[in-house]
>>> print(open('input_8.txt').read())   # compact mmCIF, C-alpha atoms and all ligand atoms
# COMPACT_ATOMS: atom_id res chain seq x y z
CA MET F 1170 59.11 -40.45 154.78
CA VAL F 1171 59.92 -44.15 154.43
CA MET F 1172 63.45 -44.83 153.24
CA ALA F 1173 63.82 -46.23 149.75
CA ALA F 1174 65.25 -49.73 149.50
CA SER F 1175 68.99 -50.07 149.19
CA ARG F 1176 68.64 -51.31 145.64
CA ILE F 1177 67.31 -47.89 144.74
CA GLU F 1178 70.22 -46.29 146.55
CA LYS F 1179 72.51 -48.43 144.39
CA ILE F 1180 71.38 -46.57 141.30
CA PRO F 1181 74.05 -43.91 140.73
CA PRO F 1182 72.85 -40.31 140.53
CA TYR F 1183 71.58 -39.31 137.13
CA ILE F 1184 74.73 -38.52 135.26
CA PHE F 1185 73.26 -35.87 133.01
CA ALA F 1186 71.70 -33.87 135.84
CA ARG F 1187 74.33 -31.13 135.61
CA ILE F 1188 73.97 -30.90 131.86
CA ASP F 1189 70.19 -30.73 132.22
CA LYS F 1190 70.58 -27.89 134.71
CA LYS F 1191 72.85 -25.97 132.35
CA LYS F 1192 70.35 -26.56 129.57
CA GLN F 1193 67.52 -25.17 131.67
CA GLU F 1194 69.57 -22.13 132.65
CA ALA F 1195 70.37 -21.44 129.01
CA ARG F 1196 66.74 -21.82 127.99
CA LYS F 1197 65.67 -19.42 130.73
CA LYS F 1198 68.07 -16.88 129.29
CA GLY F 1199 66.37 -17.34 125.93
CA VAL F 1200 69.30 -19.15 124.29
CA ASP F 1201 68.33 -20.94 121.08
CA LEU F 1202 69.77 -24.34 121.97
CA VAL F 1203 70.91 -26.85 119.40
CA ASP F 1204 70.35 -30.14 121.18
CA LEU F 1205 72.40 -33.00 119.74
CA THR F 1206 71.88 -35.42 122.62
CA THR F 1207 68.72 -37.41 122.08
CA GLY F 1208 68.78 -40.93 120.67
CA ASP F 1209 65.25 -40.55 119.41
CA PRO F 1210 64.43 -40.38 115.69
CA ASP F 1211 62.96 -37.06 114.55
CA LEU F 1212 61.53 -38.79 111.47
CA PRO F 1213 57.88 -39.84 111.83
CA THR F 1214 56.71 -43.45 111.92
CA PRO F 1215 55.92 -44.49 108.30
CA GLU F 1216 52.34 -43.78 107.35
CA HIS F 1217 51.30 -47.34 106.47
CA ILE F 1218 52.24 -48.43 110.00
CA VAL F 1219 50.28 -45.61 111.60
CA ARG F 1220 47.24 -46.47 109.46
CA LYS F 1221 47.37 -50.11 110.54
CA MET F 1222 47.47 -49.01 114.16
CA GLN F 1223 44.45 -46.75 113.64
CA GLU F 1224 42.43 -49.60 112.17
CA ALA F 1225 43.47 -52.03 114.87
CA THR F 1226 42.68 -49.55 117.64
CA ALA F 1227 39.08 -49.34 116.46
CA ASP F 1228 38.59 -53.11 116.77
CA PRO F 1229 37.18 -54.07 120.20
CA ARG F 1230 38.90 -57.46 119.98
CA ASN F 1231 42.14 -55.59 120.55
CA HIS F 1232 40.93 -53.80 123.66
CA ARG F 1233 41.39 -56.71 126.02
CA TYR F 1234 44.49 -58.11 127.70
CA PRO F 1235 46.93 -59.34 125.09
CA SER F 1236 48.74 -62.67 125.45
CA TYR F 1237 51.84 -62.44 127.61
CA GLU F 1238 54.29 -63.70 125.04
CA GLY F 1239 52.87 -61.74 122.11
CA MET F 1240 50.35 -62.84 119.49
CA LEU F 1241 51.48 -65.86 117.51
CA GLU F 1242 50.96 -63.80 114.37
CA PHE F 1243 53.45 -61.22 115.63
CA ARG F 1244 55.98 -63.87 116.61
CA LYS F 1245 55.59 -65.47 113.17
CA ALA F 1246 56.23 -62.10 111.55
CA VAL F 1247 59.40 -61.81 113.63
CA ALA F 1248 60.52 -65.33 112.60
CA ASP F 1249 59.85 -64.58 108.93
CA TRP F 1250 61.76 -61.32 109.17
CA TYR F 1251 64.71 -63.11 110.79
CA MET F 1252 64.79 -65.66 108.02
CA LYS F 1253 64.60 -63.03 105.32
CA ARG F 1254 67.05 -60.68 106.95
CA PHE F 1255 69.61 -63.01 108.58
CA GLY F 1256 68.87 -66.47 107.20
CA VAL F 1257 68.18 -67.59 110.77
CA GLU F 1258 65.34 -69.99 111.44
CA LEU F 1259 63.30 -69.34 114.58
CA ASN F 1260 60.47 -71.31 116.11
CA PRO F 1261 57.87 -68.61 116.74
CA GLU F 1262 56.33 -70.61 119.57
CA THR F 1263 59.45 -71.12 121.64
CA GLU F 1264 62.19 -68.84 120.39
CA VAL F 1265 60.45 -65.46 120.19
CA VAL F 1266 58.89 -63.27 122.86
CA ALA F 1267 57.36 -59.82 122.46
CA LEU F 1268 58.78 -57.03 124.59
CA ILE F 1269 57.46 -53.65 125.66
CA GLY F 1270 60.43 -52.11 123.89
CA SER F 1271 63.75 -53.91 123.94
CA LYS F 1272 64.86 -51.92 126.99
CA GLU F 1273 62.30 -53.86 128.97
CA GLY F 1274 63.85 -57.21 128.04
CA ILE F 1275 67.38 -55.92 128.56
CA ALA F 1276 66.42 -54.69 132.03
CA HIS F 1277 64.82 -58.02 132.94
CA ILE F 1278 67.37 -60.54 131.68
CA PRO F 1279 69.75 -60.09 134.65
CA TRP F 1280 66.84 -61.02 136.96
CA VAL F 1281 66.49 -64.26 135.05
CA TYR F 1282 70.14 -65.31 135.19
CA LEU F 1283 71.94 -63.65 138.08
CA ASN F 1284 71.95 -64.89 141.62
CA GLU F 1285 73.17 -62.48 144.28
CA GLY F 1286 76.86 -61.88 143.57
CA ASP F 1287 76.93 -63.43 140.08
CA VAL F 1288 78.99 -61.62 137.47
CA ALA F 1289 77.70 -59.94 134.31
CA LEU F 1290 80.14 -58.67 131.68
CA ILE F 1291 79.21 -55.12 130.76
CA PRO F 1292 80.68 -53.03 127.94
CA SER F 1293 81.85 -49.52 128.78
CA PRO F 1294 81.08 -47.11 127.25
CA GLY F 1295 77.63 -48.58 126.85
CA TYR F 1296 73.89 -48.27 127.12
CA PRO F 1297 73.45 -47.59 130.86
CA VAL F 1298 70.66 -50.16 131.33
CA TYR F 1299 73.08 -53.13 131.18
CA LYS F 1300 74.92 -52.09 134.30
CA ILE F 1301 72.02 -50.71 136.29
CA SER F 1302 69.78 -53.71 135.73
CA THR F 1303 72.66 -55.97 136.75
CA LEU F 1304 73.05 -54.01 139.98
CA LEU F 1305 69.31 -54.04 140.66
CA ALA F 1306 69.24 -57.80 140.24
CA GLY F 1307 72.02 -58.14 142.82
CA GLY F 1308 74.65 -59.04 140.25
CA ILE F 1309 78.18 -57.73 139.96
CA PRO F 1310 79.02 -55.83 136.80
CA TYR F 1311 82.47 -56.52 135.40
CA ILE F 1312 83.42 -53.80 132.98
CA MET F 1313 84.69 -54.77 129.53
CA PRO F 1314 86.42 -51.67 128.19
CA LEU F 1315 85.68 -50.75 124.58
CA ARG F 1316 88.80 -49.01 123.35
CA GLU F 1317 89.40 -47.21 120.13
CA GLU F 1318 92.64 -49.11 119.48
CA HIS F 1319 90.59 -52.33 119.43
CA ASP F 1320 87.84 -50.84 117.26
CA PHE F 1321 85.60 -50.55 120.33
CA LEU F 1322 85.30 -54.32 120.63
CA PRO F 1323 85.87 -55.98 124.00
CA ILE F 1324 88.93 -58.16 124.02
CA ARG F 1325 89.47 -61.38 125.88
CA GLU F 1326 92.77 -60.33 127.43
CA HIS F 1327 90.98 -57.55 129.32
CA ILE F 1328 88.87 -60.08 131.19
CA PRO F 1329 90.73 -62.25 133.70
CA GLU F 1330 90.25 -66.00 133.33
CA ASP F 1331 88.50 -66.39 136.70
CA VAL F 1332 86.06 -63.58 135.87
CA ARG F 1333 85.28 -65.21 132.53
CA ARG F 1334 84.67 -68.49 134.31
CA LYS F 1335 82.42 -66.90 136.91
CA ALA F 1336 80.43 -64.72 134.52
CA LYS F 1337 76.92 -65.88 133.65
CA ILE F 1338 75.85 -63.31 131.12
CA ALA F 1339 77.59 -60.83 128.82
CA PHE F 1340 76.04 -57.85 127.09
CA LEU F 1341 77.13 -57.00 123.57
CA ASN F 1342 75.74 -54.28 121.31
CA TYR F 1343 76.63 -53.81 117.63
CA PRO F 1344 76.19 -51.54 115.78
CA ASN F 1345 77.16 -49.84 119.01
CA ASN F 1346 75.65 -47.03 120.98
CA PRO F 1347 77.49 -44.75 121.76
CA THR F 1348 80.64 -45.46 119.70
CA GLY F 1349 79.00 -46.21 116.34
CA ALA F 1350 81.34 -49.21 116.05
CA HIS F 1351 80.38 -52.38 114.22
CA ALA F 1352 81.48 -55.96 114.75
CA ASP F 1353 82.75 -58.23 112.01
CA ASP F 1354 82.03 -61.96 111.61
CA GLU F 1355 85.24 -62.91 113.32
CA PHE F 1356 84.23 -61.02 116.44
CA TYR F 1357 80.88 -62.78 116.70
CA GLU F 1358 82.50 -66.16 116.07
CA ARG F 1359 84.99 -65.50 118.83
CA ALA F 1360 82.28 -64.34 121.21
CA VAL F 1361 80.29 -67.54 120.68
CA TYR F 1362 83.46 -69.60 121.12
CA GLU F 1363 84.21 -67.88 124.43
CA ALA F 1364 80.61 -68.23 125.57
CA ARG F 1365 80.74 -71.96 124.92
CA LYS F 1366 84.04 -72.32 126.74
CA SER F 1367 82.96 -70.38 129.81
CA ASP F 1368 79.24 -71.20 129.73
CA ILE F 1369 78.00 -67.64 129.36
CA LEU F 1370 74.73 -66.41 127.91
CA LEU F 1371 75.47 -63.73 125.31
CA CYS F 1372 72.87 -60.97 125.39
CA HIS F 1373 73.18 -59.18 122.09
CA ASP F 1374 71.44 -55.84 121.79
CA ALA F 1375 70.76 -55.43 118.08
CA ALA F 1376 68.69 -52.24 118.25
CA TYR F 1377 70.71 -50.69 115.41
CA SER F 1378 71.08 -53.69 113.11
CA GLU F 1379 69.11 -51.87 110.41
CA VAL F 1380 70.58 -48.40 110.92
CA THR F 1381 73.66 -48.93 108.76
CA PHE F 1382 75.44 -47.13 105.94
CA ASP F 1383 77.70 -47.50 102.91
CA GLY F 1384 76.49 -51.03 102.20
CA HIS F 1385 77.29 -52.32 105.67
CA GLN F 1386 74.71 -54.68 107.20
CA GLY F 1387 74.24 -55.40 110.88
CA LYS F 1388 74.45 -59.02 111.97
CA SER F 1389 72.47 -61.29 114.22
CA ILE F 1390 74.51 -63.20 116.76
CA LEU F 1391 72.33 -66.20 115.87
CA GLN F 1392 74.07 -66.35 112.51
CA PHE F 1393 77.09 -67.53 114.47
CA ASP F 1394 75.49 -69.50 117.30
CA HIS F 1395 73.94 -72.07 115.00
CA ASN F 1396 72.18 -74.17 117.60
CA LYS F 1397 71.11 -71.15 119.65
CA ARG F 1398 72.82 -72.52 122.67
CA PHE F 1399 74.55 -69.45 123.99
CA SER F 1400 72.61 -66.40 122.95
CA ILE F 1401 69.58 -64.26 123.28
CA GLU F 1402 69.14 -61.24 121.04
CA PHE F 1403 67.18 -58.09 121.76
CA HIS F 1404 65.55 -56.26 118.95
CA SER F 1405 63.55 -53.16 118.65
CA LEU F 1406 61.23 -51.54 116.16
CA SER F 1407 62.12 -48.20 117.73
CA LYS F 1408 65.06 -47.25 115.60
CA THR F 1409 64.34 -49.23 112.43
CA TYR F 1410 60.83 -47.85 111.96
CA CYS F 1411 61.03 -44.64 113.99
CA MET F 1412 58.69 -46.09 116.61
CA THR F 1413 60.34 -45.19 119.91
CA GLY F 1414 57.11 -43.99 121.46
CA TRP F 1415 55.18 -47.13 120.57
CA ARG F 1416 57.07 -49.44 122.90
CA ILE F 1417 57.48 -52.68 121.05
CA GLY F 1418 60.47 -54.92 120.60
CA PHE F 1419 61.25 -58.61 120.91
CA ALA F 1420 63.78 -61.11 122.16
CA VAL F 1421 64.79 -64.17 120.18
CA GLY F 1422 67.23 -67.01 120.60
CA ASN F 1423 67.84 -69.81 123.06
CA SER F 1424 64.46 -71.27 123.94
CA ASP F 1425 65.25 -71.71 127.65
CA ALA F 1426 66.30 -68.09 127.87
CA ILE F 1427 63.16 -67.00 126.04
CA GLN F 1428 60.91 -69.15 128.23
CA ASN F 1429 62.61 -67.97 131.42
CA LEU F 1430 62.34 -64.35 130.41
CA GLY F 1431 58.70 -64.95 129.52
CA LYS F 1432 58.06 -66.52 132.91
CA LEU F 1433 59.42 -63.46 134.69
CA LYS F 1434 57.40 -61.17 132.46
CA THR F 1435 54.10 -62.95 133.08
CA ASN F 1436 54.50 -61.91 136.69
CA ILE F 1437 55.34 -58.30 135.95
CA ASP F 1438 53.61 -57.05 132.81
CA SER F 1439 50.67 -58.13 130.72
CA GLY F 1440 52.02 -57.93 127.22
CA VAL F 1441 51.91 -55.38 124.42
CA PHE F 1442 48.64 -53.73 123.30
CA GLN F 1443 47.45 -55.83 120.37
CA ALA F 1444 46.89 -52.85 118.11
CA ILE F 1445 50.59 -52.06 118.48
CA GLN F 1446 51.44 -55.66 117.63
CA TYR F 1447 49.38 -55.36 114.44
CA ALA F 1448 51.24 -52.18 113.57
CA ALA F 1449 54.52 -53.99 114.23
CA ILE F 1450 53.49 -56.87 111.95
CA GLU F 1451 52.81 -54.30 109.25
CA ALA F 1452 56.23 -52.76 109.89
CA LEU F 1453 58.06 -56.09 109.61
CA THR F 1454 56.12 -57.53 106.67
CA GLY F 1455 55.14 -54.41 104.70
CA SER F 1456 57.19 -52.16 102.46
CA GLN F 1457 60.75 -51.57 103.69
CA GLU F 1458 61.19 -48.42 101.61
CA SER F 1459 61.11 -46.21 104.68
CA VAL F 1460 64.07 -48.09 106.14
CA GLU F 1461 66.21 -47.33 103.11
CA ALA F 1462 65.08 -43.69 103.18
CA MET F 1463 65.96 -43.47 106.87
CA ARG F 1464 69.46 -44.76 106.16
CA THR F 1465 69.98 -42.14 103.48
CA VAL F 1466 68.92 -39.34 105.81
CA TYR F 1467 71.18 -40.44 108.66
CA ALA F 1468 74.12 -41.10 106.33
CA ARG F 1469 73.91 -37.55 105.00
CA ARG F 1470 73.74 -36.10 108.49
CA ARG F 1471 76.63 -38.29 109.60
CA ASP F 1472 78.74 -36.90 106.77
CA ILE F 1473 77.95 -33.31 107.78
CA VAL F 1474 79.05 -33.96 111.36
CA PHE F 1475 82.07 -36.00 110.30
CA ASP F 1476 83.29 -33.37 107.85
CA GLY F 1477 82.67 -30.57 110.33
CA LEU F 1478 84.53 -32.20 113.19
CA THR F 1479 87.37 -33.34 110.97
CA ALA F 1480 87.78 -29.77 109.68
CA MET F 1481 88.11 -28.65 113.29
CA GLY F 1482 90.90 -31.13 113.89
CA ILE F 1483 88.75 -33.25 116.19
CA LYS F 1484 89.58 -36.92 115.96
CA VAL F 1485 86.59 -38.92 114.81
CA ARG F 1486 85.74 -42.16 113.02
CA LYS F 1487 83.08 -42.38 110.35
CA PRO F 1488 80.57 -44.89 111.69
CA LEU F 1489 78.97 -47.53 109.48
CA GLY F 1490 75.98 -47.76 111.76
CA THR F 1491 73.79 -46.02 114.39
CA PHE F 1492 72.87 -42.35 114.31
CA TYR F 1493 75.70 -41.36 116.62
CA ILE F 1494 79.12 -39.84 116.12
CA TRP F 1495 81.64 -40.59 118.85
CA ALA F 1496 84.52 -38.15 118.95
CA ARG F 1497 87.52 -37.19 121.06
CA VAL F 1498 87.17 -34.25 123.41
CA PRO F 1499 89.81 -31.60 122.63
CA THR F 1500 92.77 -31.78 125.00
CA GLY F 1501 92.52 -29.89 128.24
CA PHE F 1502 88.91 -30.76 129.07
CA SER F 1503 87.06 -33.60 130.70
CA SER F 1504 84.05 -34.66 128.67
CA ALA F 1505 81.69 -33.02 131.16
CA GLN F 1506 83.68 -29.77 131.18
CA PHE F 1507 83.66 -29.67 127.41
CA ALA F 1508 79.91 -30.29 127.27
CA GLU F 1509 79.21 -27.59 129.86
CA LYS F 1510 81.46 -25.05 128.16
CA LEU F 1511 79.70 -25.71 124.88
CA ILE F 1512 76.27 -25.08 126.34
CA GLU F 1513 77.37 -21.93 128.11
CA GLU F 1514 79.30 -20.39 125.26
CA LYS F 1515 77.55 -21.68 122.18
CA GLY F 1516 74.18 -23.08 123.14
CA VAL F 1517 75.07 -26.48 121.71
CA VAL F 1518 74.26 -29.58 123.73
CA LEU F 1519 76.07 -32.85 123.23
CA THR F 1520 76.45 -35.87 125.48
CA PRO F 1521 79.65 -36.22 127.52
CA GLY F 1522 81.17 -39.65 127.08
CA SER F 1523 81.45 -40.21 130.82
CA GLY F 1524 77.66 -40.60 130.89
CA PHE F 1525 78.13 -43.99 129.23
CA GLY F 1526 80.53 -45.33 131.82
CA GLU F 1527 84.05 -44.63 132.97
CA GLU F 1528 85.57 -45.78 129.69
CA GLY F 1529 83.62 -43.08 127.87
CA GLU F 1530 85.71 -40.33 129.44
CA GLY F 1531 87.61 -38.33 126.86
CA TYR F 1532 84.84 -38.57 124.26
CA PHE F 1533 81.55 -36.95 123.40
CA ARG F 1534 78.55 -38.22 121.47
CA ILE F 1535 76.62 -36.33 118.86
CA SER F 1536 73.27 -37.71 117.84
CA THR F 1537 71.94 -36.93 114.37
CA THR F 1538 68.26 -37.33 115.18
CA THR F 1539 67.59 -33.71 114.43
CA SER F 1540 67.17 -31.81 111.17
CA GLU F 1541 70.08 -31.26 108.80
CA GLU F 1542 69.62 -27.53 109.21
CA ARG F 1543 69.98 -27.69 112.99
CA ILE F 1544 72.93 -30.04 112.72
CA ARG F 1545 74.66 -27.58 110.38
CA GLU F 1546 73.92 -24.79 112.83
CA GLY F 1547 75.40 -26.86 115.65
CA ILE F 1548 78.56 -27.58 113.68
CA THR F 1549 78.95 -23.92 112.70
CA ARG F 1550 78.74 -22.93 116.35
CA LEU F 1551 81.17 -25.65 117.38
CA LYS F 1552 83.65 -24.39 114.82
CA SER F 1553 83.41 -20.88 116.24
CA MET F 1554 84.44 -22.06 119.68
CA LYS F 1555 87.85 -21.01 120.93
CA LEU F 1556 89.68 -24.12 122.08
C1 LIG F 1601 67.39 -47.18 121.73
C2 LIG F 1601 68.14 -48.34 122.28
C3 LIG F 1601 67.49 -49.48 122.75
C4 LIG F 1601 66.06 -49.70 122.86
O1 LIG F 1601 65.09 -49.15 122.70
P1 LIG F 1601 63.59 -49.59 122.92
O2 LIG F 1601 62.88 -48.37 122.48
O3 LIG F 1601 63.40 -49.88 124.36
O4 LIG F 1601 63.34 -50.78 122.07
C5 LIG F 1601 68.24 -50.55 123.18
N1 LIG F 1601 69.56 -50.52 123.16
C6 LIG F 1601 70.23 -49.45 122.73
C7 LIG F 1601 71.70 -49.49 122.75
C8 LIG F 1601 69.55 -48.32 122.30
O5 LIG F 1601 70.23 -47.25 121.91
>>> encode(input="input_8.txt", output="structure tokens", more="lines below")
Ligand SMILES: *Cc1c(COP(=O)(O)O)cnc(C)c1O
Amino acid sequence: MVMAASRIEKIPPYIFARIDKKKQEARKKGVDLVDLTTGDPDLPTPEHIVRKMQEATADPRNHRYPSYEGMLEFRKAVADWYMKRFGVELNPETEVVALIGSKEGIAHIPWVYLNEGDVALIPSPGYPVYKISTLLAGGIPYIMPLREEHDFLPIREHIPEDVRRKAKIAFLNYPNNPTGAHADDEFYERAVYEARKSDILLCHDAAYSEVTFDGHQGKSILQFDHNKRFSIEFHSLSKTYCMTGWRIGFAVGNSDAIQNLGKLKTNIDSGVFQAIQYAAIEALTGSQESVEAMRTVYARRRDIVFDGLTAMGIKVRKPLGTFYIWARVPTGFSSAQFAEKLIEEKGVVLTPGSGFGEEGEGYFRISTTTSEERIREGITRLKSMKL
């Protein structure tokens, strides 16, 4: 067989392979697993969005190739939503591009900005795509540790001056997967200030900007980068409208960055199915009741997990955003050991922190995208574990 290219070899082995194997073994034995790993909403896509998709699917005008950058109507809906939600003005023609899910844009942006050997600043723990896409593009990831003592925000002092000067892009993600942390205004202001000083493109992943609790609201980095000189922001309908399977998101921000990303994309994909774009317009411009309902559901589940873990003496912060709980592994275990023990002894599956990068060691992530009943069952089993 032909050897795969070295860039494929660069992709580290799938970190959750061992956990998956343990899961399969348990299933084979007939264990009733409580799986608290997936970052995929169990709630259905709101009905009015599904209906719009059904209508649009029946229209032959939507059966042909869509435009590469997304229909103007979709990009206008995005611009209107940005104004309403963040008070940020966007030119739909030059500052918005449709994505086949935000992961697609996140995976492509390093190809647009990194020459062989260029540095990208990558948060750890973090969404694995930032680092892998940097490696695939021939870039060098420089890890920005997110530490609990700094509220899981990267700090300047952890990045040497010469690295900051050399870096071309930096990934940020708040509300944050996996830590559930949020960033305040001061953080965004500082990030923009640093980006200006070191000429870095900030790539803000705002997938969870709408999944927030207790009155907290996610921010757009464009609220702080007033002339859109230093940032591109990735957004997704996946989490806000429970549309992970639909594959639609968008990037907004600096027009050069948007045009460059678009140029790459025209040579790789052929846009988003128009019927899906119509559904997305409905999502962004129609009733937002489902979003509020979604927040209520996740907030309640968060409280169940938080109370349960706290009662066990596990150290945990109550997140103001995302559907994840990030908690300390009890002493004496690595995060992978703890996760494996839990599957074997209790049939509960959670994600070891090390899967999100070296700085995730010592933590585990619980996702609340499963029913309250199953979450309660998981917590009950966790509590019964001998530590
Ligand atoms: C879920 C998620 C995304 C993106 O999802 P898409 O479905 O590709 O839009 C992006 N970033 C983070 C951190 C996520 O958790």
>>> residues_around(input="input_8.txt", residues="Arg1398 in chain F", least_positions_apart="6", cutoff="12 Å", atoms="only C-alpha atoms", output="PDB file with C-alpha atoms, in the coordinates of the input")
ATOM      1  CA  GLU F1264      62.190 -68.840 120.390  1.00  0.00           C
ATOM      2  CA  VAL F1361      80.290 -67.540 120.680  1.00  0.00           C
ATOM      3  CA  TYR F1362      83.460 -69.600 121.120  1.00  0.00           C
ATOM      4  CA  ALA F1364      80.610 -68.230 125.570  1.00  0.00           C
ATOM      5  CA  ARG F1365      80.740 -71.960 124.920  1.00  0.00           C
ATOM      6  CA  LYS F1366      84.040 -72.320 126.740  1.00  0.00           C
ATOM      7  CA  ASP F1368      79.240 -71.200 129.730  1.00  0.00           C
ATOM      8  CA  ILE F1369      78.000 -67.640 129.360  1.00  0.00           C
ATOM      9  CA  LEU F1370      74.730 -66.410 127.910  1.00  0.00           C
ATOM     10  CA  LEU F1371      75.470 -63.730 125.310  1.00  0.00           C
ATOM     11  CA  CYS F1372      72.870 -60.970 125.390  1.00  0.00           C
ATOM     12  CA  ILE F1390      74.510 -63.200 116.760  1.00  0.00           C
ATOM     13  CA  LEU F1391      72.330 -66.200 115.870  1.00  0.00           C
ATOM     14  CA  GLN F1392      74.070 -66.350 112.510  1.00  0.00           C
ATOM     15  CA  VAL F1421      64.790 -64.170 120.180  1.00  0.00           C
ATOM     16  CA  GLY F1422      67.230 -67.010 120.600  1.00  0.00           C
ATOM     17  CA  ASN F1423      67.840 -69.810 123.060  1.00  0.00           C
ATOM     18  CA  SER F1424      64.460 -71.270 123.940  1.00  0.00           C
ATOM     19  CA  ASP F1425      65.250 -71.710 127.650  1.00  0.00           C
ATOM     20  CA  ALA F1426      66.300 -68.090 127.870  1.00  0.00           C
ATOM     21  CA  ILE F1427      63.160 -67.000 126.040  1.00  0.00           C
TER      22      ILE F1427
END
>>> residues_near_point(input="input_8.txt", point="(49.3, -54.4, 112.6)", cutoff="12 Å", atoms="only C-alpha atoms", output="ChimeraX atom specification")
/F:1217-1226,1228,1231,1240,1242-1243,1246,1417,1442-1455
>>> residues_around(input="input_8.txt", residues="Asn1346 in chain F", least_positions_apart="3", cutoff="8 Å", atoms="all atoms listed in the file", output="PyMOL selection string")
chain F and resi 1295-1296+1342-1343+1349-1350+1491+1493
>>> closest_atom_pairs(input="input_8.txt", of="chain F", to="ligand LIG 1601 (chain F)", cutoff="7 Å", atoms="all atoms listed in the file", output="Markdown table")
| residue | atom | partner | partner_atom | distance |
| --- | --- | --- | --- | --- |
| F:Gly1208 | CA | F:LIG1601 | C1 | 6.5 |
| F:Gly1270 | CA | F:LIG1601 | O4 | 3.7 |
| F:Ser1271 | CA | F:LIG1601 | O4 | 3.7 |
| F:Lys1272 | CA | F:LIG1601 | O3 | 3.6 |
| F:Glu1273 | CA | F:LIG1601 | O3 | 6.2 |
| F:Tyr1296 | CA | F:LIG1601 | C7 | 5.0 |
| F:Asn1342 | CA | F:LIG1601 | C7 | 6.4 |
| F:Asn1345 | CA | F:LIG1601 | C7 | 6.6 |
| F:Asn1346 | CA | F:LIG1601 | C7 | 5.0 |
| F:Asp1374 | CA | F:LIG1601 | N1 | 5.8 |
| F:Ala1376 | CA | F:LIG1601 | C5 | 5.2 |
| F:His1404 | CA | F:LIG1601 | O4 | 6.7 |
| F:Ser1405 | CA | F:LIG1601 | O4 | 4.2 |
| F:Leu1406 | CA | F:LIG1601 | O4 | 6.3 |
| F:Ser1407 | CA | F:LIG1601 | O2 | 4.8 |
| F:Lys1408 | CA | F:LIG1601 | C1 | 6.6 |
| F:Thr1413 | CA | F:LIG1601 | O2 | 4.8 |
| F:Arg1416 | CA | F:LIG1601 | O2 | 5.9 |
| F:Ile1417 | CA | F:LIG1601 | O4 | 6.2 |
| F:Gly1418 | CA | F:LIG1601 | O4 | 5.2 |
>>> atom_distance(input="input_8.txt", atom1="CA of Ile1494 in chain F", atom2="CA of Thr1348 in chain F")
6.8 Å
>>> atom_distance(input="input_8.txt", atom1="CA of Lys1179 in chain F", atom2="CA of Glu1528 in chain F")
19.8 Å
>>> closest_residue(input="input_8.txt", among="F:Pro1294, F:Gly1526, F:Gly1531, F:Gly1256", to="Phe1393 in chain F", atoms="all atoms listed in the file")
F:Gly1256
>>> axis_aligned_box(input="input_8.txt", around="range 1380-1389 of chain F", padding_each_side="5 Å", output="JSON")
{"center_x": 74.1, "center_y": -54.2, "center_z": 108.2, "size_x": 17.1, "size_y": 24.2, "size_z": 22.0}
>>> atom_distance(input="input_8.txt", atom1="CA of Ile1483 in chain F", atom2="CA of Arg1545 in chain F")
16.3 Å
>>> residues_near_point(input="input_8.txt", point="(83.2, -51.2, 127.3)", cutoff="9 Å", atoms="only C-alpha atoms", output="NGL selection string")
:F and (1291-1295 or 1312-1316 or 1321-1323 or 1526-1529)
>>> write_last_selection(input="input_8.txt", atoms="C-alpha atoms", output="short mmCIF file (atom, residue, chain, number, x, y, z; two decimals), in the frame of the given file")
data_model
loop_
_atom_site.label_atom_id
_atom_site.label_comp_id
_atom_site.auth_asym_id
_atom_site.auth_seq_id
_atom_site.Cartn_x
_atom_site.Cartn_y
_atom_site.Cartn_z
CA ILE F 1291 79.21 -55.12 130.76
CA PRO F 1292 80.68 -53.03 127.94
CA SER F 1293 81.85 -49.52 128.78
CA PRO F 1294 81.08 -47.11 127.25
CA GLY F 1295 77.63 -48.58 126.85
CA ILE F 1312 83.42 -53.80 132.98
CA MET F 1313 84.69 -54.77 129.53
CA PRO F 1314 86.42 -51.67 128.19
CA LEU F 1315 85.68 -50.75 124.58
CA ARG F 1316 88.80 -49.01 123.35
CA PHE F 1321 85.60 -50.55 120.33
CA LEU F 1322 85.30 -54.32 120.63
CA PRO F 1323 85.87 -55.98 124.00
CA GLY F 1526 80.53 -45.33 131.82
CA GLU F 1527 84.05 -44.63 132.97
CA GLU F 1528 85.57 -45.78 129.69
CA GLY F 1529 83.62 -43.08 127.87
#
>>> residues_around(input="input_8.txt", residues="Ala1496 in chain F", least_positions_apart="5", cutoff="10 Å", atoms="only C-alpha atoms", output="number ranges by chain")
F: 1348, 1475, 1478-1479, 1483-1487, 1522, 1531-1535
>>> closest_residue(input="input_8.txt", among="F:Met1554, F:Leu1305, F:Val1441, F:Val1460", to="Ile1269 in chain F", atoms="all atoms listed in the file")
F:Val1441
>>> closest_residue(input="input_8.txt", among="F:Gly1307, F:Pro1488, F:Gly1274, F:Gly1387", to="Ala1420 in chain F", atoms="all atoms listed in the file")
F:Gly1274
>>> residues_around(input="input_8.txt", residues="range 1203-1205 of chain F", least_positions_apart="3", cutoff="9 Å", atoms="all atoms listed in the file", output="short mmCIF file (atom, residue, chain, number, x, y, z; two decimals) with C-alpha atoms, in the coordinates of the input")
data_model
loop_
_atom_site.label_atom_id
_atom_site.label_comp_id
_atom_site.auth_asym_id
_atom_site.auth_seq_id
_atom_site.Cartn_x
_atom_site.Cartn_y
_atom_site.Cartn_z
CA GLY F 1208 68.78 -40.93 120.67
CA ILE F 1512 76.27 -25.08 126.34
CA LYS F 1515 77.55 -21.68 122.18
CA GLY F 1516 74.18 -23.08 123.14
CA VAL F 1517 75.07 -26.48 121.71
CA VAL F 1518 74.26 -29.58 123.73
CA LEU F 1519 76.07 -32.85 123.23
CA THR F 1520 76.45 -35.87 125.48
CA ARG F 1534 78.55 -38.22 121.47
CA ILE F 1535 76.62 -36.33 118.86
CA SER F 1536 73.27 -37.71 117.84
CA THR F 1537 71.94 -36.93 114.37
CA THR F 1538 68.26 -37.33 115.18
CA THR F 1539 67.59 -33.71 114.43
CA ARG F 1543 69.98 -27.69 112.99
CA ILE F 1544 72.93 -30.04 112.72
CA GLU F 1546 73.92 -24.79 112.83
CA GLY F 1547 75.40 -26.86 115.65
#
